[in-house]
Number of protein chains: 6
Amino acid sequence: MLRLATPRYERFSQASSFEVVYGGGEANVAISLANYGLDAAFVSRLPANDIGQAARMNLRKYGVDTSHIVWGGDRLGIYFLETGAVGRGSKVVYDRAHSALSDIQPGMLDWDQVLEGAKWFHWTGITPAVSAGAAATCLEGIQAANAKGITVSCDLNYRKKLWKWGKQPQEVMEEMVAGCEVILGNEEDAEKVFGIQPEGVDVTKGEVEAEAYESVCKQLMKRFPRAKKAIITLRGSFSANHNSWSGVLWDGQQLLRAPTYQITHIVDRVGGGDSFMGGLIYGLLTYSADDQQALNFAVAASCLKHTIHGDFNLVTVQEVEKLMSGDASGRVSR
Amino acid sequence: MLRLATPRYERFSQASSFEVVYGGGEANVAISLANYGLDAAFVSRLPANDIGQAARMNLRKYGVDTSHIVWGGDRLGIYFLETGAVGRGSKVVYDRAHSALSDIQPGMLDWDQVLEGAKWFHWTGITPAVSAGAAATCLEGIQAANAKGITVSCDLNYRKKLWKWGKQPQEVMEEMVAGCEVILGNEEDAEKVFGIQPEGVDVTKGEVEAEAYESVCKQLMKRFPRAKKAIITLRGSFSANHNSWSGVLWDGQQLLRAPTYQITHIVDRVGGGDSFMGGLIYGLLTYSADDQQALNFAVAASCLKHTIHGDFNLVTVQEVEKLMSGDASGRVSR
Amino acid sequence: MLRLATPRYERFSQASSFEVVYGGGEANVAISLANYGLDAAFVSRLPANDIGQAARMNLRKYGVDTSHIVWGGDRLGIYFLETGAVGRGSKVVYDRAHSALSDIQPGMLDWDQVLEGAKWFHWTGITPAVSAGAAATCLEGIQAANAKGITVSCDLNYRKKLWKWGKQPQEVMEEMVAGCEVILGNEEDAEKVFGIQPEGVDVTKGEVEAEAYESVCKQLMKRFPRAKKAIITLRGSFSANHNSWSGVLWDGQQLLRAPTYQITHIVDRVGGGDSFMGGLIYGLLTYSADDQQALNFAVAASCLKHTIHGDFNLVTVQEVEKLMSGDASGRVSR
Amino acid sequence: MLRLATPRYERFSQASSFEVVYGGGEANVAISLANYGLDAAFVSRLPANDIGQAARMNLRKYGVDTSHIVWGGDRLGIYFLETGAVGRGSKVVYDRAHSALSDIQPGMLDWDQVLEGAKWFHWTGITPAVSAGAAATCLEGIQAANAKGITVSCDLNYRKKLWKWGKQPQEVMEEMVAGCEVILGNEEDAEKVFGIQPEGVDVTKGEVEAEAYESVCKQLMKRFPRAKKAIITLRGSFSANHNSWSGVLWDGQQLLRAPTYQITHIVDRVGGGDSFMGGLIYGLLTYSADDQQALNFAVAASCLKHTIHGDFNLVTVQEVEKLMSGDASGRVSR
Amino acid sequence: MLRLATPRYERFSQASSFEVVYGGGEANVAISLANYGLDAAFVSRLPANDIGQAARMNLRKYGVDTSHIVWGGDRLGIYFLETGAVGRGSKVVYDRAHSALSDIQPGMLDWDQVLEGAKWFHWTGITPAVSAGAAATCLEGIQAANAKGITVSCDLNYRKKLWKWGKQPQEVMEEMVAGCEVILGNEEDAEKVFGIQPEGVDVTKGEVEAEAYESVCKQLMKRFPRAKKAIITLRGSFSANHNSWSGVLWDGQQLLRAPTYQITHIVDRVGGGDSFMGGLIYGLLTYSADDQQALNFAVAASCLKHTIHGDFNLVTVQEVEKLMSGDASGRVSR
Amino acid sequence: MLRLATPRYERFSQASSFEVVYGGGEANVAISLANYGLDAAFVSRLPANDIGQAARMNLRKYGVDTSHIVWGGDRLGIYFLETGAVGRGSKVVYDRAHSALSDIQPGMLDWDQVLEGAKWFHWTGITPAVSAGAAATCLEGIQAANAKGITVSCDLNYRKKLWKWGKQPQEVMEEMVAGCEVILGNEEDAEKVFGIQPEGVDVTKGEVEAEAYESVCKQLMKRFPRAKKAIITLRGSFSANHNSWSGVLWDGQQLLRAPTYQITHIVDRVGGGDSFMGGLIYGLLTYSADDQQALNFAVAASCLKHTIHGDFNLVTVQEVEKLMSGDASGRVSR
């Protein structure tokens, strides 16, 4: 997806240029994994024009395998971003209708080949929101992965403005999430998609209580028995520049809680959830028996994302582990 | 329409920012007229989001009346522009499918109100190319103008990549052009739209012969009896930086020829034809009995357009007349 | 007025470019009103050159009526701005001597025509500071508005460096303010212009006490019996990046107090007072019987101004009302 | 003087930033000389604010002695520049009224100290154009230099828009030029200032005939007997991007002619005349007995100026001599 | 190699930013081949820091295989570039001493693995110029390629300023070039490296005669019997903005001559020779029996390179073939 | 030294341009002193190329005497800077090996001439870290200053990555520091260079205790009896954007403590220590008998440095004294 952002907190009407970056949920996760040194591939459909090619090149730059992309369709999805400050929130104008991805149809991707040798398959709730074809194609992938015994994870990622093709999220997502071993959501997703509610939390105010989400996790895992872990990212929004950030992981038995970071001077918060998922997958694959470490890695990694321009989380394992170890001092490294 | 251009001759894959300007055939003509001090209104359909608003503000900035715009639809049409140099031509990637304009339907515009008090109605061949609805709505406007005795002009403006909605240009344009008093085209349009051919001209090579177009004009006017004047812009393409530029006007009796300008260091050639039309309308309205002056004004005005960044021709009557008078020296004005 | 600002906190000596925006007290108020959907006109004198034209175009872009501007004089007033950070305050170098406005003379504006159909006339203390002619012309406008029964408001806006034409502010402003129904000032203006003092407030330190300004308001309204409301903006300056912001309104009987906002990451604080006035006028006209709502709208609107680059407050009624409703979370709107 | 230029050929109304450089006739000459390794001082009056300081710093950066500048007055003179292309000439909007220099008065500069140890004193016709005080102060300097036996040169530099303080150029310049040993002008200056005409030259068309200027030189030297050399720069204006450039020098006995350069891709032509003068002074001081070499150096130096952004001619003696030697190939130096 | 270029024709002393691109002889050739759809790998030594990583990412972006790079050493070589105009040539300041590559030693690269499956091995004369270790390592590669029957090509690429490590080019290059099947040079290389002279050519003046190089080619092939083809690029330097460009190929029996292109508005000429080589290798591999086509492709490809910002030639086969087919009109592609 | 910084918090791999500033320990101190109106000279060795010249010009711009620089060597030292945010610290990649300075040898500088008329000689621990030659040359300067009775100061400035030429800091620095009257260090330097430890301080966490450094100062002064004052800068690192900043001065009898500033929105923290030293030297020379004032000036000055882009502290005495007086409000100065 092409992201066009106004520079320097400008409003759309002021901008005489847009900053160009490429991103999108699954792409952002793939980039994180490639940065951490894992093999990662991005699978989607892009238009066979220069803009689609530029999107691919940008993924390839950071080491993501782009050989499974299929080419066709009219256009690359776009979103326009205006970065907010203080009490003026960032504003996203979606322009992704009729994208190459939205015209995808089951059968266009050769899932056998795509998943050959893979250990993990990740998708986000943005994909089924786009079109019936995208939802069906994604479901194909989930089922293929299940058949091959590949771990499947999802980020519920509810986007109200995108679900316009005729079905409700719950109708579509139920079967898809049922194929997942790992389910991620933020504090609103479970409610908006499945009507599962946390208690006593006002998401527009300050920090949120981790405990309140335990019941949400339990409900998710009861509903989707394949799931082994449910994770919720916890964002406290003090202002557009200052958020708190944390997360909890329910492993079926206990609620693991990560430290909470104060992100006092946000550079770019878009892609925060994706960077969490990227960190989590890395953590679960690497610190294999230690979910607490995995969760802490995910939170620290995505905390760093908020300091990086663009959708991608361009940090190394060493940088994440330094923050995990408690060094949030931001001292100059020389 | 939103234009996103790579800066400094960059290729799409190199750009980390796009320059933002707004433009489009009819808008460009309206801007020219407003710059020359005439009242001009732009009538179209724009999406009710911040990008649509930014497009309107940019027109309003230059004094174009935007009160007749209707709001709705999904998105603003976009085109991506990569500016070429020497033997590498500029490249346009269209992304205007499903724009607010393409979803327009007859009846959405109140043509009686739009045309109240108007003297001139101009449309371009890009509009009917976009969709059946856009074609039908434009035809409504032409017919309303005819009914009110308002002069109608068109720019044939053939764009092969846009005609995708099911009909051929000729089927659609025949009736529309039949309502026009003034018909403008470049050296390829008449052939591509109506199969009318000039003789002995290779448009990819150097300067072209004005005379060769007399027969084209005659054929056009024979086919469309309402037409009083047919005009052809003449571009010689030596390189992406150096074009020659001129035009001829057939008034039914004689072929008027404008001087030919050598535009040796092009800044931005997009919008050249629109600036010609803007100059021509101004000239025909102002130098009323003198078509030669009107033609000369149109050619000089659009020659200057090639030195202006963006789609709009931001020049004054005084600047055009200075060039018309023969001063192409480019000396500093201080 | 032309504003030339160094980019990225640069000092003047470092800058190889200046960011160009246009602004000025009354223009900023007009822009606010136009953004809120009201009809607003800007009346002044601008030089008949390209810089003056660019200033006008920028107002027109945002929908302000510029048809009453008179053209003439030598130059557009300029101010140079260097944006400060932390303990280094922003720095303004004025270069507005001999501007087109400063050479204005009574009689140049046809106030009857300018005020035709108007409901509200606003002026600021910067105008009389510029020259005797500007002061006299502004007084003409006030008297014409009074004669027509149009509400008149002023922002005292004391600028020490500008009062150089021979008279003291008090001598000049007394008669002008006497014609106003609504008087706005910040915590220093009343003292600097009329010697009216608040008590126990150190404006260079932290937050200020709203109550201390009740006596100031009372004194103002006693001195200027036409006034129905006196309003004081309250800025607490913790650093160049972090201010608190609020205001009080005395309606002759009670002191209404607005909430106080912490603006922790200021983008651009120039134009803060103007955006307050723009919000206040909108509020008084719209929430007609509810001064508390009007005051709250004014404070919330101008709080948002601090997040917008340039002098103009480019926000919508919806955005202001969202902040008024208590949502200062700065969450992404998508 | 502060120069504010629109970037990338933008028109004033399009610019969201201005490029900042500092320049001005005498400053430009001083910079040239410092670049060539000579001691050079710039003497003027600048405002005691940050903009004045920035101007001084920029001169000091290139090694010009700024210790003789006197500080005071309201403002630094400004000019706005819009760079033209092809048939659209560059446009200068002057905003130098009421500058610190224009308020200078005789006696403010201690000419004895300024000229201590100097070999050469240069002034341009822009200075007396600004105000009576500037003219009188400059005359003071000329007379002081004459008294000390220092060579005096001038560039007639006629600027119609600047002569507004009440006297005609001829009245003022007569006495000043009478104190000069070296007189430089372009093809229009002698006529505009002293009514001395060349023959058969149309300056808006192509290349000009060197010979036509011999009579101008003779007339100048007859009128000003102190003059030892009269020099005329010859600019042929094919377009805003392409000029020819040359010059002639009359030494009282013969007309020396320099080669003519085709400057086909001009980067910045402002300051061309000043760079000629800087080269000429260097040449006359260095190639002492060889006026032809001095003239050739001046023409080659100023030819290179057209490739440099800003008013200053930032080239070395080696670079000028390479071009003088006939190598105009523009090959990469590595 | 990191290239740091001043923007907009600025001189080094003026620049407040440098444009960052990555490049270098062999990298540029690899990029060309990857753009044309061939598998290409870049083999070198880069420092294990963020700057080295950024260089690699930029190659990977365009599809070059970077897996054979070895990591170590102090620094990435840098060159500073100032783009010239008209008679002021571009200027390169090398800062590549002590680069990671210059510290390479034979044995660091596993040539067997690097060349596994390869069809072609290309090196340039810049590599042996850098250090004894680089020369020896490159020779290792040539010999390994020879042993495997892989075609070897070289670009003589003489750079006077780089040969500082103790030996003369001829001493070192003799053995290396002896291993090549294809030898490329420009009009100066053969002379500077091997003392082989063309006749009657002044490289600082206009266009050069293709025929004069036939003797050079013959001498080269006589001296290096393994060579099957010798190719010379022919650059005529009219100015820094305008070059002519062509080439000749001697196949042992006849001199094939390519068309000559006039590149009248150069965007960036650095990397021209490398893009020629990239085109030639593509042509020789693709138009297998047709050396004329290969030569024409090489010249057309590198002609286009002069319109691309940066060292890399970012063009497609279709774009090159369009120019080869004679369409140099630079018309807009839409 | 040339500093190349990524713009807008970009990571190295994202940057398509680097911001260019010049700086380095001793240069930064010289700039501070020149800004405060003292005569200051910078003595070093720079390469005789355009990059070296640009470095010199930038010093000269701010009034530093550059006439004692010696020219020669291969290259100007470079450091690449990536500005961090929140928990991601800034990152410096040094590229200063083999710089002109590192190749300096004793005898290259004529210390007698350099120190003629000087009152103060300052050096930093970065210089001896670079090479044996730089260390020996610096020692020459210290001894020459001692011989002339010039006050010598040093900033210990430990940089682990630079000490690579064979000796340990302690071996080299012992004799050099022994020649100093004033010794400055930060909270880590004394330990890293001389093994002198403060107690109970974790430099990666929040604010530090001033008292803990008294013992460090005492140990330093005991070890280096020539020293009259030892000063320690105290930085508390809350995040990359928020530091606290203070300092203590031990005069042999008592520990003077400066106020602590909260720098909540850092613009650029590189050069903080140098700006402290610049302020301290100014303070000690100006407030001669009042070390507390000198210390307060140093802390306030360097607090302001954190708001200035680049290595140089471009503030005036008045600005520092305003902050010293307690006004940290950051109000607009107009």
# chains A, B, ... in the order shown; residues from 1 in each chain; ligands from 1
$ interface_residues --of "chain E" --to "chain A" --cutoff "8 Å" --atoms "only C-alpha atoms" --output "list in words"
Met57, Asn58, Leu59, Arg60, Lys61, Tyr62 and Gly63 of chain E
$ select_by_dssp --residues "range 96-283 of chain E" --states "strand (DSSP E or B)" --output "PyMOL selection string"
chain E and resi 120-124+151-155+182-185+229-237+243-250+255-257+261-263
$ write_last_selection --atoms "N, CA and C atoms" --output "mmCIF file, in the first residue's frame"
data_model
loop_
_atom_site.group_PDB
_atom_site.id
_atom_site.type_symbol
_atom_site.label_atom_id
_atom_site.label_comp_id
_atom_site.auth_asym_id
_atom_site.auth_seq_id
_atom_site.Cartn_x
_atom_site.Cartn_y
_atom_site.Cartn_z
ATOM 1 N N TRP E 120 28.951 -14.778 -16.585
ATOM 2 C CA TRP E 120 29.725 -13.602 -16.953
ATOM 3 C C TRP E 120 30.334 -13.002 -15.693
ATOM 4 N N PHE E 121 31.566 -12.551 -15.781
ATOM 5 C CA PHE E 121 32.218 -11.863 -14.670
ATOM 6 C C PHE E 121 32.756 -10.537 -15.186
ATOM 7 N N HIS E 122 32.347 -9.454 -14.510
ATOM 8 C CA HIS E 122 32.786 -8.129 -14.950
ATOM 9 C C HIS E 122 33.517 -7.405 -13.836
ATOM 10 N N TRP E 123 34.580 -6.743 -14.201
ATOM 11 C CA TRP E 123 35.321 -5.914 -13.237
ATOM 12 C C TRP E 123 35.729 -4.615 -13.928
ATOM 13 N N THR E 124 36.083 -3.597 -13.102
ATOM 14 C CA THR E 124 36.524 -2.334 -13.711
ATOM 15 C C THR E 124 37.898 -1.945 -13.185
ATOM 16 N N THR E 151 32.751 -16.000 -19.204
ATOM 17 C CA THR E 151 33.182 -14.813 -19.941
ATOM 18 C C THR E 151 33.589 -13.716 -18.972
ATOM 19 N N VAL E 152 34.716 -13.094 -19.244
ATOM 20 C CA VAL E 152 35.187 -12.001 -18.392
ATOM 21 C C VAL E 152 35.236 -10.712 -19.208
ATOM 22 N N SER E 153 34.699 -9.657 -18.614
ATOM 23 C CA SER E 153 34.794 -8.357 -19.273
ATOM 24 C C SER E 153 35.384 -7.342 -18.304
ATOM 25 N N CYS E 154 35.981 -6.293 -18.863
ATOM 26 C CA CYS E 154 36.478 -5.230 -18.004
ATOM 27 C C CYS E 154 36.219 -3.881 -18.655
ATOM 28 N N ASP E 155 36.146 -2.903 -17.783
ATOM 29 C CA ASP E 155 36.098 -1.509 -18.210
ATOM 30 C C ASP E 155 37.399 -0.898 -17.697
ATOM 31 N N VAL E 182 36.201 -9.451 -23.247
ATOM 32 C CA VAL E 182 35.599 -8.198 -23.713
ATOM 33 C C VAL E 182 36.261 -7.040 -22.981
ATOM 34 N N ILE E 183 36.752 -6.069 -23.756
ATOM 35 C CA ILE E 183 37.459 -4.934 -23.157
ATOM 36 C C ILE E 183 36.766 -3.636 -23.573
ATOM 37 N N LEU E 184 36.397 -2.850 -22.553
ATOM 38 C CA LEU E 184 35.755 -1.567 -22.817
ATOM 39 C C LEU E 184 36.632 -0.436 -22.307
ATOM 40 N N GLY E 185 36.658 0.637 -23.043
ATOM 41 C CA GLY E 185 37.375 1.818 -22.561
ATOM 42 C C GLY E 185 36.758 3.052 -23.166
ATOM 43 N N LYS E 229 36.407 -8.924 -28.333
ATOM 44 C CA LYS E 229 35.801 -7.655 -28.729
ATOM 45 C C LYS E 229 36.438 -6.517 -27.935
ATOM 46 N N ALA E 230 36.656 -5.425 -28.618
ATOM 47 C CA ALA E 230 37.094 -4.203 -27.930
ATOM 48 C C ALA E 230 36.084 -3.128 -28.266
ATOM 49 N N ILE E 231 35.698 -2.399 -27.226
ATOM 50 C CA ILE E 231 34.652 -1.400 -27.412
ATOM 51 C C ILE E 231 35.125 -0.067 -26.840
ATOM 52 N N ILE E 232 34.821 0.984 -27.556
ATOM 53 C CA ILE E 232 35.187 2.311 -27.058
ATOM 54 C C ILE E 232 33.957 3.194 -27.043
ATOM 55 N N THR E 233 33.741 3.814 -25.885
ATOM 56 C CA THR E 233 32.647 4.785 -25.787
ATOM 57 C C THR E 233 33.163 6.122 -26.273
ATOM 58 N N LEU E 234 32.295 6.843 -26.970
ATOM 59 C CA LEU E 234 32.718 8.101 -27.581
ATOM 60 C C LEU E 234 31.864 9.234 -27.038
ATOM 61 N N ARG E 235 32.493 10.071 -26.239
ATOM 62 C CA ARG E 235 31.778 11.192 -25.660
ATOM 63 C C ARG E 235 32.312 12.484 -26.268
ATOM 64 N N GLY E 236 31.413 13.289 -26.801
ATOM 65 C CA GLY E 236 31.788 14.641 -27.218
ATOM 66 C C GLY E 236 31.259 15.612 -26.182
ATOM 67 N N SER E 237 32.118 16.449 -25.673
ATOM 68 C CA SER E 237 31.720 17.337 -24.588
ATOM 69 C C SER E 237 31.542 18.754 -25.089
ATOM 70 N N ASN E 243 26.307 16.795 -24.150
ATOM 71 C CA ASN E 243 27.324 15.890 -24.681
ATOM 72 C C ASN E 243 26.744 15.150 -25.870
ATOM 73 N N SER E 244 27.617 14.720 -26.734
ATOM 74 C CA SER E 244 27.186 13.705 -27.693
ATOM 75 C C SER E 244 27.687 12.364 -27.161
ATOM 76 N N TRP E 245 27.079 11.297 -27.630
ATOM 77 C CA TRP E 245 27.380 10.005 -27.025
ATOM 78 C C TRP E 245 27.220 8.914 -28.067
ATOM 79 N N SER E 246 28.243 8.074 -28.175
ATOM 80 C CA SER E 246 28.174 6.973 -29.115
ATOM 81 C C SER E 246 29.209 5.911 -28.719
ATOM 82 N N GLY E 247 29.470 4.990 -29.591
ATOM 83 C CA GLY E 247 30.453 3.965 -29.290
ATOM 84 C C GLY E 247 30.767 3.140 -30.530
ATOM 85 N N VAL E 248 31.910 2.503 -30.473
ATOM 86 C CA VAL E 248 32.282 1.603 -31.563
ATOM 87 C C VAL E 248 32.699 0.256 -30.978
ATOM 88 N N LEU E 249 32.506 -0.775 -31.770
ATOM 89 C CA LEU E 249 32.877 -2.115 -31.331
ATOM 90 C C LEU E 249 33.698 -2.774 -32.443
ATOM 91 N N TRP E 250 34.843 -3.237 -32.056
ATOM 92 C CA TRP E 250 35.713 -3.946 -33.000
ATOM 93 C C TRP E 250 35.647 -5.415 -32.652
ATOM 94 N N LEU E 255 34.744 -2.769 -37.756
ATOM 95 C CA LEU E 255 34.393 -1.780 -36.754
ATOM 96 C C LEU E 255 32.908 -1.486 -36.895
ATOM 97 N N LEU E 256 32.149 -1.873 -35.885
ATOM 98 C CA LEU E 256 30.728 -1.542 -35.869
ATOM 99 C C LEU E 256 30.561 -0.189 -35.205
ATOM 100 N N ARG E 257 29.708 0.623 -35.799
ATOM 101 C CA ARG E 257 29.503 1.966 -35.243
ATOM 102 C C ARG E 257 28.046 2.146 -34.845
ATOM 103 N N TYR E 261 24.078 9.999 -30.292
ATOM 104 C CA TYR E 261 22.971 10.740 -29.674
ATOM 105 C C TYR E 261 23.459 12.099 -29.178
ATOM 106 N N GLN E 262 22.603 13.103 -29.357
ATOM 107 C CA GLN E 262 22.860 14.407 -28.756
ATOM 108 C C GLN E 262 22.102 14.452 -27.432
ATOM 109 N N ILE E 263 22.856 14.518 -26.354
ATOM 110 C CA ILE E 263 22.214 14.575 -25.032
ATOM 111 C C ILE E 263 22.279 16.031 -24.601
#
$ closest_atom_pairs --of "range 264-326 of chain D" --to "range 3-15 of chain E" --cutoff "12 Å" --atoms "only C-alpha atoms" --output "tab-separated table"
residue	atom	partner	partner_atom	distance
D:His265	CA	E:Tyr9	CA	11.5
D:Ile266	CA	E:Tyr9	CA	10.8
D:Val267	CA	E:Tyr9	CA	7.7
D:Asp268	CA	E:Tyr9	CA	10.2
D:Lys305	CA	E:Arg11	CA	11.5
D:His306	CA	E:Tyr9	CA	11.1
D:Thr307	CA	E:Tyr9	CA	7.6
D:Ile308	CA	E:Glu10	CA	6.8
D:His309	CA	E:Glu10	CA	6.2
D:Gly310	CA	E:Glu10	CA	9.2
D:Asp311	CA	E:Gln14	CA	12.0
D:Phe312	CA	E:Gln14	CA	10.5
D:Asn313	CA	E:Arg11	CA	10.4
D:Leu314	CA	E:Arg11	CA	7.6
D:Val315	CA	E:Arg11	CA	9.0
D:Thr316	CA	E:Arg11	CA	11.6
$ select_by_dssp --residues "range 17-237 of chain D" --states "helix (DSSP H, G or I)" --output "ChimeraX atom specification"
/D:25-35,50-61,101-103,111-115,126-130,132-148,160-162,169-177,189-194,210-223
$ residues_around --residues "Ser333 in chain F" --least-positions-apart "2" --cutoff "10 Å" --atoms "only C-alpha atoms" --output "NGL selection string"
(:C and (81-82 or 84 or 88-93)) or (:F and (330-331))
$ write_last_selection --atoms "N, CA and C atoms" --output "compact mmCIF listing (two decimals), in the first residue's frame"
# COMPACT_ATOMS: atom_id res chain seq x y z
N LEU C 81 10.41 34.93 11.44
CA LEU C 81 10.15 34.13 12.63
C LEU C 81 11.18 33.02 12.75
N GLU C 82 11.70 32.92 13.94
CA GLU C 82 12.63 31.84 14.29
C GLU C 82 11.95 31.07 15.41
N GLY C 84 11.49 28.87 18.47
CA GLY C 84 12.31 28.46 19.60
C GLY C 84 11.98 27.08 20.12
N ARG C 88 14.69 28.49 24.91
CA ARG C 88 14.97 29.52 23.89
C ARG C 88 13.66 29.89 23.23
N GLY C 89 13.15 31.06 23.52
CA GLY C 89 11.87 31.46 22.98
C GLY C 89 11.94 31.76 21.49
N SER C 90 10.80 31.68 20.83
CA SER C 90 10.75 32.09 19.43
C SER C 90 11.10 33.56 19.33
N LYS C 91 11.59 33.94 18.18
CA LYS C 91 12.05 35.31 17.99
C LYS C 91 11.40 35.87 16.73
N VAL C 92 10.83 37.05 16.88
CA VAL C 92 10.21 37.72 15.74
C VAL C 92 11.00 38.97 15.41
N VAL C 93 11.40 39.11 14.15
CA VAL C 93 11.99 40.37 13.68
C VAL C 93 10.96 41.02 12.76
N GLY F 330 10.45 30.54 27.59
CA GLY F 330 10.39 30.33 26.15
C GLY F 330 9.33 31.18 25.47
N ARG F 331 9.01 32.33 26.04
CA ARG F 331 8.02 33.20 25.42
C ARG F 331 8.57 33.82 24.15
$ residues_around --residues "Pro128 in chain F" --least-positions-apart "4" --cutoff "9 Å" --atoms "only C-alpha atoms" --output "PDB file with N, CA and C atoms, in the first residue's frame"
ATOM      1  N   THR F 124      40.718  19.075  23.602  1.00  0.00           N
ATOM      2  CA  THR F 124      39.839  18.026  24.129  1.00  0.00           C
ATOM      3  C   THR F 124      40.472  16.655  23.963  1.00  0.00           C
ATOM      4  N   ALA F 132      48.887   9.041  17.274  1.00  0.00           N
ATOM      5  CA  ALA F 132      50.080   9.428  18.020  1.00  0.00           C
ATOM      6  C   ALA F 132      50.523  10.829  17.632  1.00  0.00           C
ATOM      7  N   GLY F 133      50.434  11.129  16.354  1.00  0.00           N
ATOM      8  CA  GLY F 133      50.862  12.440  15.885  1.00  0.00           C
ATOM      9  C   GLY F 133      49.991  13.549  16.437  1.00  0.00           C
ATOM     10  N   ALA F 134      48.704  13.307  16.466  1.00  0.00           N
ATOM     11  CA  ALA F 134      47.793  14.319  16.990  1.00  0.00           C
ATOM     12  C   ALA F 134      48.042  14.533  18.473  1.00  0.00           C
ATOM     13  N   ALA F 135      48.293  13.418  19.184  1.00  0.00           N
ATOM     14  CA  ALA F 135      48.564  13.533  20.616  1.00  0.00           C
ATOM     15  C   ALA F 135      49.844  14.331  20.855  1.00  0.00           C
ATOM     16  N   ALA F 136      50.870  14.002  20.107  1.00  0.00           N
ATOM     17  CA  ALA F 136      52.152  14.675  20.300  1.00  0.00           C
ATOM     18  C   ALA F 136      52.056  16.157  19.942  1.00  0.00           C
ATOM     19  N   THR F 137      51.319  16.456  18.880  1.00  0.00           N
ATOM     20  CA  THR F 137      51.178  17.847  18.466  1.00  0.00           C
ATOM     21  C   THR F 137      50.410  18.641  19.509  1.00  0.00           C
ATOM     22  N   CYS F 138      49.387  18.005  20.047  1.00  0.00           N
ATOM     23  CA  CYS F 138      48.593  18.689  21.064  1.00  0.00           C
ATOM     24  C   CYS F 138      49.449  18.939  22.311  1.00  0.00           C
ATOM     25  N   LEU F 139      50.229  17.956  22.657  1.00  0.00           N
ATOM     26  CA  LEU F 139      51.115  18.112  23.816  1.00  0.00           C
ATOM     27  C   LEU F 139      52.094  19.271  23.587  1.00  0.00           C
ATOM     28  N   TRP F 163      40.049   5.438  20.341  1.00  0.00           N
ATOM     29  CA  TRP F 163      41.404   5.097  20.823  1.00  0.00           C
ATOM     30  C   TRP F 163      41.887   3.793  20.199  1.00  0.00           C
ATOM     31  N   PRO F 169      44.341   5.535  26.781  1.00  0.00           N
ATOM     32  CA  PRO F 169      44.123   6.946  27.089  1.00  0.00           C
ATOM     33  C   PRO F 169      44.991   7.412  28.263  1.00  0.00           C
ATOM     34  N   VAL F 172      48.584   8.337  27.638  1.00  0.00           N
ATOM     35  CA  VAL F 172      48.791   9.524  26.811  1.00  0.00           C
ATOM     36  C   VAL F 172      48.314  10.790  27.506  1.00  0.00           C
ATOM     37  N   MET F 173      47.192  10.666  28.157  1.00  0.00           N
ATOM     38  CA  MET F 173      46.528  11.862  28.688  1.00  0.00           C
ATOM     39  C   MET F 173      47.208  12.383  29.956  1.00  0.00           C
TER      40      MET F 173
END
